[in-house]
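Student: Below is start.pdb; it holds PDB, C-alpha atoms.
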ATOM      1  CA  MET A   1       0.000   0.000   0.000  1.00  0.00           C
ATOM      2  CA  LYS A   2       2.857   2.404   0.821  1.00  0.00           C
ATOM      3  CA  HIS A   3       4.394   1.745  -2.572  1.00  0.00           C
ATOM      4  CA  LEU A   4       1.117   2.489  -4.317  1.00  0.00           C
ATOM      5  CA  LEU A   5       0.725   5.774  -2.428  1.00  0.00           C
ATOM      6  CA  LEU A   6       4.310   6.725  -3.209  1.00  0.00           C
ATOM      7  CA  ALA A   7       3.768   5.939  -6.902  1.00  0.00           C
ATOM      8  CA  ILE A   8       0.584   8.040  -6.977  1.00  0.00           C
ATOM      9  CA  PHE A   9       2.375  10.913  -5.233  1.00  0.00           C
ATOM     10  CA  LEU A  10       5.305  10.777  -7.654  1.00  0.00           C
ATOM     11  CA  LEU A  11       2.998  10.610 -10.663  1.00  0.00           C
ATOM     12  CA  GLY A  12       1.023  13.562  -9.347  1.00  0.00           C
ATOM     13  CA  SER A  13       4.232  15.527  -8.794  1.00  0.00           C
ATOM     14  CA  CYS A  14       5.403  14.781 -12.338  1.00  0.00           C
ATOM     15  CA  LEU A  15       2.060  15.860 -13.797  1.00  0.00           C
ATOM     16  CA  MET A  16       2.136  19.093 -11.793  1.00  0.00           C
ATOM     17  CA  ALA A  17       5.701  19.787 -12.923  1.00  0.00           C
ATOM     18  CA  ARG A  18       4.690  19.137 -16.545  1.00  0.00           C
ATOM     19  CA  ALA A  19       1.692  21.467 -16.257  1.00  0.00           C
ATOM     20  CA  GLN A  20       3.885  24.153 -14.700  1.00  0.00           C
ATOM     21  CA  MET A  21       6.460  23.746 -17.486  1.00  0.00           C
ATOM     22  CA  SER A  22       3.694  24.216 -20.076  1.00  0.00           C
ATOM     23  CA  GLN A  23       2.564  27.397 -18.308  1.00  0.00           C
ATOM     24  CA  PHE A  24       6.112  28.782 -18.347  1.00  0.00           C
ATOM     25  CA  GLN A  25       6.646  27.843 -22.003  1.00  0.00           C
ATOM     26  CA  ALA A  26       3.370  29.544 -22.950  1.00  0.00           C
ATOM     27  CA  LEU A  27       4.447  32.744 -21.182  1.00  0.00           C
ATOM     28  CA  TYR A  28       7.844  32.610 -22.879  1.00  0.00           C
ATOM     29  CA  ILE A  29       6.245  32.143 -26.311  1.00  0.00           C
ATOM     30  CA  TYR A  30       3.998  35.143 -25.684  1.00  0.00           C
ATOM     31  CA  ASN A  31       7.039  37.199 -24.779  1.00  0.00           C
ATOM     32  CA  PHE A  32       8.908  35.933 -27.841  1.00  0.00           C
ATOM     33  CA  ALA A  33       5.988  37.143 -29.978  1.00  0.00           C
ATOM     34  CA  LYS A  34       6.121  40.576 -28.350  1.00  0.00           C
ATOM     35  CA  ASN A  35       9.849  40.898 -29.034  1.00  0.00           C
ATOM     36  CA  ILE A  36       9.893  39.877 -32.683  1.00  0.00           C
ATOM     37  CA  GLY A  37       9.669  42.488 -35.419  1.00  0.00           C
ATOM     38  CA  TRP A  38       6.749  41.203 -37.483  1.00  0.00           C
ATOM     39  CA  PRO A  39       6.147  42.558 -40.999  1.00  0.00           C
ATOM     40  CA  SER A  40       4.061  45.756 -40.857  1.00  0.00           C
ATOM     41  CA  GLU A  41       1.552  44.351 -43.354  1.00  0.00           C
ATOM     42  CA  ASP A  42       0.654  41.671 -40.780  1.00  0.00           C
ATOM     43  CA  SER A  43      -0.371  44.177 -38.090  1.00  0.00           C
ATOM     44  CA  SER A  44      -4.079  43.820 -38.872  1.00  0.00           C
ATOM     45  CA  LYS A  45      -4.011  40.010 -39.130  1.00  0.00           C
ATOM     46  CA  ASP A  46      -4.376  37.442 -36.354  1.00  0.00           C
ATOM     47  CA  LEU A  47      -1.111  36.130 -34.931  1.00  0.00           C
ATOM     48  CA  VAL A  48      -1.317  32.376 -35.468  1.00  0.00           C
ATOM     49  CA  ILE A  49       0.604  30.011 -33.187  1.00  0.00           C
ATOM     50  CA  THR A  50       0.617  26.368 -34.270  1.00  0.00           C
ATOM     51  CA  VAL A  51       1.631  23.737 -31.728  1.00  0.00           C
ATOM     52  CA  ILE A  52       2.816  20.349 -32.929  1.00  0.00           C
ATOM     53  CA  GLY A  53       2.894  17.508 -30.422  1.00  0.00           C
ATOM     54  CA  ASP A  54       2.163  19.253 -27.119  1.00  0.00           C
ATOM     55  CA  ASN A  55      -1.497  19.403 -26.080  1.00  0.00           C
ATOM     56  CA  ASP A  56      -0.687  20.849 -22.641  1.00  0.00           C
ATOM     57  CA  LEU A  57       1.149  23.805 -24.161  1.00  0.00           C
ATOM     58  CA  ALA A  58      -1.658  24.402 -26.674  1.00  0.00           C
ATOM     59  CA  ALA A  59      -4.159  24.500 -23.791  1.00  0.00           C
ATOM     60  CA  GLU A  60      -2.033  27.028 -21.878  1.00  0.00           C
ATOM     61  CA  LEU A  61      -1.603  29.200 -24.970  1.00  0.00           C
ATOM     62  CA  ASN A  62      -5.370  29.120 -25.515  1.00  0.00           C
ATOM     63  CA  LYS A  63      -5.891  30.360 -21.953  1.00  0.00           C
ATOM     64  CA  LEU A  64      -3.558  33.292 -22.614  1.00  0.00           C
ATOM     65  CA  ALA A  65      -5.083  33.972 -26.038  1.00  0.00           C
ATOM     66  CA  SER A  66      -8.529  34.351 -24.497  1.00  0.00           C
ATOM     67  CA  SER A  67      -7.400  37.422 -22.554  1.00  0.00           C
ATOM     68  CA  LYS A  68      -4.193  38.764 -24.135  1.00  0.00           C
ATOM     69  CA  ALA A  69      -3.313  40.099 -27.558  1.00  0.00           C
ATOM     70  CA  ILE A  70       0.122  40.735 -29.048  1.00  0.00           C
ATOM     71  CA  GLY A  71       0.001  44.466 -29.652  1.00  0.00           C
ATOM     72  CA  THR A  72      -3.107  44.935 -31.782  1.00  0.00           C
ATOM     73  CA  ARG A  73      -3.093  41.349 -33.033  1.00  0.00           C
ATOM     74  CA  LYS A  74      -5.526  38.748 -31.751  1.00  0.00           C
ATOM     75  CA  VAL A  75      -3.805  35.427 -30.996  1.00  0.00           C
ATOM     76  CA  VAL A  76      -5.165  32.232 -32.529  1.00  0.00           C
ATOM     77  CA  VAL A  77      -3.780  28.870 -31.373  1.00  0.00           C
ATOM     78  CA  LYS A  78      -3.924  25.836 -33.642  1.00  0.00           C
ATOM     79  CA  GLU A  79      -2.796  22.280 -33.074  1.00  0.00           C
ATOM     80  CA  SER A  80      -1.275  19.948 -35.627  1.00  0.00           C
ATOM     81  CA  VAL A  81       0.094  16.440 -35.611  1.00  0.00           C
ATOM     82  CA  THR A  82       2.279  16.979 -38.682  1.00  0.00           C
ATOM     83  CA  THR A  83       4.667  19.610 -39.992  1.00  0.00           C
ATOM     84  CA  ASN A  84       2.686  20.066 -43.223  1.00  0.00           C
ATOM     85  CA  GLY A  85       0.323  22.891 -44.160  1.00  0.00           C
ATOM     86  CA  LEU A  86       1.579  25.518 -41.719  1.00  0.00           C
ATOM     87  CA  GLN A  87       2.111  28.375 -44.189  1.00  0.00           C
ATOM     88  CA  LYS A  88      -0.225  30.724 -42.318  1.00  0.00           C
ATOM     89  CA  SER A  89       1.463  30.231 -38.943  1.00  0.00           C
ATOM     90  CA  ASP A  90       3.465  33.076 -37.442  1.00  0.00           C
ATOM     91  CA  ILE A  91       4.943  30.878 -34.722  1.00  0.00           C
ATOM     92  CA  VAL A  92       5.358  27.121 -35.017  1.00  0.00           C
ATOM     93  CA  PHE A  93       6.189  25.217 -31.834  1.00  0.00           C
ATOM     94  CA  LEU A  94       7.577  21.701 -32.217  1.00  0.00           C
ATOM     95  CA  GLY A  95       7.070  19.662 -29.046  1.00  0.00           C
ATOM     96  CA  GLU A  96       9.768  17.437 -27.671  1.00  0.00           C
ATOM     97  CA  SER A  97       7.720  14.332 -28.549  1.00  0.00           C
ATOM     98  CA  LYS A  98       8.028  15.320 -32.241  1.00  0.00           C
ATOM     99  CA  ALA A  99      11.661  16.500 -32.041  1.00  0.00           C
ATOM    100  CA  ASN A 100      12.768  14.054 -34.732  1.00  0.00           C
ATOM    101  CA  GLN A 101      10.716  16.099 -37.241  1.00  0.00           C
ATOM    102  CA  ILE A 102      12.800  19.295 -36.913  1.00  0.00           C
ATOM    103  CA  GLY A 103      14.560  18.839 -40.265  1.00  0.00           C
ATOM    104  CA  GLY A 104      11.295  18.302 -42.118  1.00  0.00           C
ATOM    105  CA  LEU A 105       9.687  21.270 -40.365  1.00  0.00           C
ATOM    106  CA  VAL A 106      12.534  23.630 -41.210  1.00  0.00           C
ATOM    107  CA  SER A 107      12.509  22.466 -44.853  1.00  0.00           C
ATOM    108  CA  ALA A 108       8.710  22.706 -45.125  1.00  0.00           C
ATOM    109  CA  GLN A 109       8.779  26.254 -43.743  1.00  0.00           C
ATOM    110  CA  GLU A 110      11.510  27.472 -46.092  1.00  0.00           C
ATOM    111  CA  GLY A 111      10.471  30.841 -47.509  1.00  0.00           C
ATOM    112  CA  ASN A 112       7.780  31.449 -44.863  1.00  0.00           C
ATOM    113  CA  ARG A 113       8.054  34.372 -42.453  1.00  0.00           C
ATOM    114  CA  ASN A 114       7.594  32.630 -39.156  1.00  0.00           C
ATOM    115  CA  LEU A 115       9.360  31.829 -35.932  1.00  0.00           C
ATOM    116  CA  ILE A 116      10.163  28.176 -35.304  1.00  0.00           C
ATOM    117  CA  VAL A 117      10.377  27.342 -31.609  1.00  0.00           C
ATOM    118  CA  SER A 118      11.459  23.900 -30.432  1.00  0.00           C
ATOM    119  CA  GLY A 119      10.916  22.154 -27.142  1.00  0.00           C
ATOM    120  CA  LYS A 120      14.310  20.466 -27.431  1.00  0.00           C
ATOM    121  CA  LYS A 121      17.742  21.857 -26.697  1.00  0.00           C
ATOM    122  CA  GLY A 122      20.090  22.167 -29.653  1.00  0.00           C
ATOM    123  CA  HIS A 123      17.534  22.618 -32.400  1.00  0.00           C
ATOM    124  CA  CYS A 124      18.846  26.070 -33.307  1.00  0.00           C
ATOM    125  CA  SER A 125      21.755  24.249 -34.943  1.00  0.00           C
ATOM    126  CA  GLN A 126      19.154  22.504 -37.134  1.00  0.00           C
ATOM    127  CA  GLY A 127      17.278  25.641 -38.177  1.00  0.00           C
ATOM    128  CA  ALA A 128      14.961  26.580 -35.286  1.00  0.00           C
ATOM    129  CA  GLY A 129      14.946  30.227 -34.228  1.00  0.00           C
ATOM    130  CA  ILE A 130      14.535  29.403 -30.539  1.00  0.00           C
ATOM    131  CA  SER A 131      14.848  26.166 -28.587  1.00  0.00           C
ATOM    132  CA  PHE A 132      13.960  25.566 -24.967  1.00  0.00           C
ATOM    133  CA  LEU A 133      16.255  23.888 -22.497  1.00  0.00           C
ATOM    134  CA  SER A 134      16.176  23.173 -18.807  1.00  0.00           C
ATOM    135  CA  GLU A 135      19.211  23.921 -16.643  1.00  0.00           C
ATOM    136  CA  GLY A 136      19.186  23.319 -12.924  1.00  0.00           C
ATOM    137  CA  GLY A 137      15.407  22.948 -13.000  1.00  0.00           C
ATOM    138  CA  LYS A 138      14.986  26.353 -14.680  1.00  0.00           C
ATOM    139  CA  LEU A 139      13.512  26.943 -18.104  1.00  0.00           C
ATOM    140  CA  LYS A 140      15.894  28.756 -20.444  1.00  0.00           C
ATOM    141  CA  PHE A 141      16.234  29.152 -24.180  1.00  0.00           C
ATOM    142  CA  GLU A 142      18.760  29.261 -26.982  1.00  0.00           C
ATOM    143  CA  ILE A 143      18.176  31.794 -29.740  1.00  0.00           C
ATOM    144  CA  SER A 144      19.592  32.064 -33.253  1.00  0.00           C
ATOM    145  CA  ASN A 145      19.376  35.576 -34.650  1.00  0.00           C
ATOM    146  CA  LYS A 146      20.733  34.197 -37.939  1.00  0.00           C
ATOM    147  CA  ASN A 147      17.905  31.645 -38.307  1.00  0.00           C
ATOM    148  CA  ILE A 148      15.240  34.184 -37.362  1.00  0.00           C
ATOM    149  CA  SER A 149      16.644  36.803 -39.762  1.00  0.00           C
ATOM    150  CA  LYS A 150      16.687  34.225 -42.598  1.00  0.00           C
ATOM    151  CA  ARG A 151      12.904  34.069 -42.203  1.00  0.00           C
ATOM    152  CA  GLY A 152      12.503  37.817 -42.675  1.00  0.00           C
ATOM    153  CA  LEU A 153      11.925  38.606 -38.998  1.00  0.00           C
ATOM    154  CA  GLN A 154      13.809  40.859 -36.600  1.00  0.00           C
ATOM    155  CA  VAL A 155      14.713  40.108 -32.993  1.00  0.00           C
ATOM    156  CA  SER A 156      14.796  42.773 -30.305  1.00  0.00           C
ATOM    157  CA  ALA A 157      18.115  43.254 -28.537  1.00  0.00           C
ATOM    158  CA  LYS A 158      16.278  42.603 -25.267  1.00  0.00           C
ATOM    159  CA  LEU A 159      15.263  39.105 -26.368  1.00  0.00           C
ATOM    160  CA  LEU A 160      18.794  38.301 -27.526  1.00  0.00           C
ATOM    161  CA  THR A 161      20.189  39.207 -24.101  1.00  0.00           C
ATOM    162  CA  LEU A 162      17.628  37.060 -22.252  1.00  0.00           C
ATOM    163  CA  GLY A 163      18.540  33.871 -24.094  1.00  0.00           C
ATOM    164  CA  THR A 164      21.776  32.144 -24.956  1.00  0.00           C
ATOM    165  CA  GLU A 165      22.654  33.303 -28.449  1.00  0.00           C
ATOM    166  CA  VAL A 166      23.871  30.530 -30.756  1.00  0.00           C
ATOM    167  CA  ASP A 167      24.714  30.550 -34.464  1.00  0.00           C
TER     168      ASP A 167
END
Could I get this file's structure written as structure tokens?

Tutor:
Amino acid sequence: MKHLLLAIFLLGSCLMARAQMSQFQALYIYNFAKNIGWPSEDSSKDLVITVIGDNDLAAELNKLASSKAIGTRKVVVKESVTTNGLQKSDIVFLGESKANQIGGLVSAQEGNRNLIVSGKKGHCSQGAGISFLSEGGKLKFEISNKNISKRGLQVSAKLLTLGTEVD
């Protein structure tokens, strides 16, 4: 019985930690969106965030989207199970469970003006603009100004100083 209680407690703790991580990632993504120079012709369009492979993060982003805009832009959150058909996405988040699809995502998004954010450390070296990592239990991120600029977007100096710049 003690072992069962311990297992339930540990599972509950893991689920709470996962939910908290999704909340933090959602807040980070919102702040990324605020600190990217989006094309001026997009200022009247919805800001579309597509999440691939992370239902918890999509749910947290939807909570934020219901009450917060990015400047004058309404935020719309979409979910996808594949890396295809994302041409109208301003931000594409690739969850850690789909990390093996980073190469296909980067190739499929070639020529599109969007920010690719990955839930796995090191993906900036494979074309992502930003990739999350956890150090000492804290959520941090790597950022590639080069990869973001290639997509026709600009990064604020503030955002570059908050992350670990890689190129």

Student: Step by step, work through what the PyMOL selection byres ((chain A and resi 117) around 7) selects in the shown file, and finish by giving those residues as a VMD selection string.

Tutor: chain A and resid 92 to 94 115 to 116 118 to 119 128 to 131

Student: Take atom CA of A:Glu96 and atom CA of A:Arg73 and report the distance between them in Å, one decimal.

Tutor: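 Distance reported for this atom pair: 27.7 Å.
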
Student: Where does the PyMOL selection byres ((chain A and resi 161-163) around 10) land in this file, that is, which residues does it pick, as a list of chain:residue names?

Tutor: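 With the shown file as input, the PyMOL selection byres ((chain A and resi 161-163) around 10) matches A:Ile130, A:Ser131, A:Phe132, A:Lys140, A:Phe141, A:Glu142, A:Ile143, A:Ser144, A:Ser156, A:Ala157, A:Lys158, A:Leu159, A:Leu160, A:Thr164, A:Glu165, A:Val166.
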
Student: Just want the 9 Å neighbourhood of stretch 37-51 of chain A, counted on all atoms listed in the file, with same-chain residues fewer than 2 positions away dropped. Output as an NGL selection string.

Tutor: :A and (33-35 or 53-55 or 57-58 or 61 or 69-81 or 86 or 88-95 or 113-114 or 152-156)

Student: Can you tell me which residues surround A:Ser22 at a distance of at most 9 Å, considering all atoms listed in the file, apart from same-chain residues fewer than 2 positions away, and format the answer as a short mmCIF file (atom, residue, chain, number, x, y, z; two decimals) with C-alpha atoms, keeping the file's coordinate frame?

Tutor:
data_model
loop_
_atom_site.label_atom_id
_atom_site.label_comp_id
_atom_site.auth_asym_id
_atom_site.auth_seq_id
_atom_site.Cartn_x
_atom_site.Cartn_y
_atom_site.Cartn_z
CA ALA A 17 5.70 19.79 -12.92
CA ARG A 18 4.69 19.14 -16.55
CA ALA A 19 1.69 21.47 -16.26
CA GLN A 20 3.88 24.15 -14.70
CA PHE A 24 6.11 28.78 -18.35
CA GLN A 25 6.65 27.84 -22.00
CA ALA A 26 3.37 29.54 -22.95
CA LEU A 27 4.45 32.74 -21.18
CA ASP A 54 2.16 19.25 -27.12
CA ASP A 56 -0.69 20.85 -22.64
CA LEU A 57 1.15 23.80 -24.16
CA ALA A 58 -1.66 24.40 -26.67
CA ALA A 59 -4.16 24.50 -23.79
CA GLU A 60 -2.03 27.03 -21.88
CA LEU A 61 -1.60 29.20 -24.97
#

Student: Can you sort out the box for stretch 130-144 of chain A, edges along x, y and z, all listed atoms in, 4 Å on every side, with centre and edge lengths in Å to one decimal, as AutoDock Vina command-line options?

Tutor:
--center_x 16.6 --center_y 27.5 --center_z -23.1 --size_x 14.1 --size_y 17.1 --size_z 28.3

Student: So, with all atoms listed in the file as the atoms that count, which of A:Lys120, A:Ser149, A:Asn31, A:Leu64 lies closest to A:Ile102?

Tutor: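 Going through A:Lys120, A:Ser149, A:Asn31, A:Leu64 one by one, the smallest distance to A:Ile102 is for A:Lys120.
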
Student: Report, in Å with one decimal, the straight-line distance from atom CA of A:Leu105 to atom CA of A:Gly127.

Tutor: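 Going from atom CA of A:Leu105 over to atom CA of A:Gly127, I get 9.0 Å.
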
Student: Calculate how many Å separate atom CA of A:Arg151 from atom CA of A:Thr83, rounding to one decimal.

Tutor: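 Atom CA of A:Arg151 sits 16.8 Å away from atom CA of A:Thr83.
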
Student: I'd like the contact shell of A:Gly104 - 12 Å cut-off, all atoms listed in the file, skipping same-chain residues fewer than 3 positions apart - returned as a list in words.

Tutor: Thr82, Thr83, Asn84, Leu94, Lys98, Ala99, Asn100, Gln101, Ser107, Ala108, Gln109, Glu110, Gln126, Gly127 and Ala128 of chain A

Student: Counting all atoms listed in the file, which of A:Lys146, A:His123, A:Ser134, A:Ser66 gets nearest to A:Gly103?

Tutor: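 For A:Gly103, the nearest of the candidates is A:His123.
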